[in-house]
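Chemist: For reference, the structure I am asking about is given below.
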Amino acid sequence: MTEEEQQEQLYDLLVPPGVPRKMIYDVVEKFDVEVVQRQERLAFANMEGDARDLLAFRGRKEVVEEVQDYLLARLREFVGEQ
């Protein structure tokens, strides 16, 4: 097995702007992910081509998929309480 194959493939899940900090902290405590900053180009409305720094959760594919399900459920719960 080569060194490249030994390195674990990591995936990013972008955090939508407006997600409460408490939810971000909860995800980091519950799952084996780290919060990273990623620059993404936006392509809508009057922001065509603008680049923005966004947060993302980085981890193994299985874990990131669990985070996605957890975060979506928490966001639905949060919106329902408003």
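Just remember, in the structure tokens the first chain shown is A, the second B, etc., residues are 1-based per chain, and ligands are 1-based in the order shown.
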Could you pull the residues within 6 Å of region 34-38 of chain A, counting only C-alpha atoms, minus those fewer than 6 positions along the same chain, as a list in words?
Modeler: Asp53, Leu54, Leu55, Ala56, Phe57 and Arg58 of chain A
Chemist: Pull C-alpha atoms from the residues just selected and write them as a PDB file, in the first residue's frame.
Modeler:
ATOM      1  CA  ASP A  53     -15.167  32.306   3.141  1.00  0.00           C
ATOM      2  CA  LEU A  54     -17.501  29.631   4.459  1.00  0.00           C
ATOM      3  CA  LEU A  55     -17.187  27.168   7.321  1.00  0.00           C
ATOM      4  CA  ALA A  56     -17.207  23.438   6.673  1.00  0.00           C
ATOM      5  CA  PHE A  57     -17.063  20.254   8.721  1.00  0.00           C
ATOM      6  CA  ARG A  58     -14.195  18.022   7.535  1.00  0.00           C
TER       7      ARG A  58
END
Chemist: I'd like the neighbourhood of Leu71 (chain A) as a PyMOL selection string, where a residue qualifies if any of its atoms comes within 12 Å (using only C-alpha atoms), though same-chain residues fewer than 5 positions away should be ignored.
Modeler: chain A and resi 13-16+19-28+30-31+57+64-66+76-78
Chemist: To test your reading of the structure, identify every residue in chain A that backbone DSSP assigns to helix (DSSP H, G or I), and report it as a ChimeraX atom specification.
Modeler: /A:3-6,21-30,45-47,61-81
Chemist: Using DSSP on the backbone, list every residue of chain A that comes out as strand (DSSP E), and give them as a PyMOL selection string.
Modeler: chain A and resi 11-14+34-41+51-59
Chemist: Env of Val79 (chain A): 12 Å cut, atoms = only C-alpha atoms, seq-sep filter 4 positions within chain, self excluded. Answer as a short mmCIF file (atom, residue, chain, number, x, y, z; two decimals) with N, CA and C atoms, in the first residue's frame.
Modeler:
data_model
loop_
_atom_site.label_atom_id
_atom_site.label_comp_id
_atom_site.auth_asym_id
_atom_site.auth_seq_id
_atom_site.Cartn_x
_atom_site.Cartn_y
_atom_site.Cartn_z
N GLY A 18 -25.69 31.35 8.70
CA GLY A 18 -26.82 31.53 9.60
C GLY A 18 -27.04 30.39 10.57
N VAL A 19 -26.28 29.31 10.45
CA VAL A 19 -26.42 28.21 11.41
C VAL A 19 -25.94 28.70 12.77
N PRO A 20 -26.76 28.52 13.81
CA PRO A 20 -26.35 28.99 15.14
C PRO A 20 -25.03 28.35 15.60
N LEU A 72 -29.26 18.67 9.67
CA LEU A 72 -30.54 18.94 9.02
C LEU A 72 -31.70 18.77 10.01
N ALA A 73 -31.65 17.72 10.81
CA ALA A 73 -32.70 17.49 11.82
C ALA A 73 -32.72 18.62 12.84
N ARG A 74 -31.54 19.03 13.31
CA ARG A 74 -31.47 20.12 14.29
C ARG A 74 -31.97 21.43 13.70
N LEU A 75 -31.63 21.71 12.44
CA LEU A 75 -32.09 22.95 11.80
C LEU A 75 -33.61 22.95 11.61
#
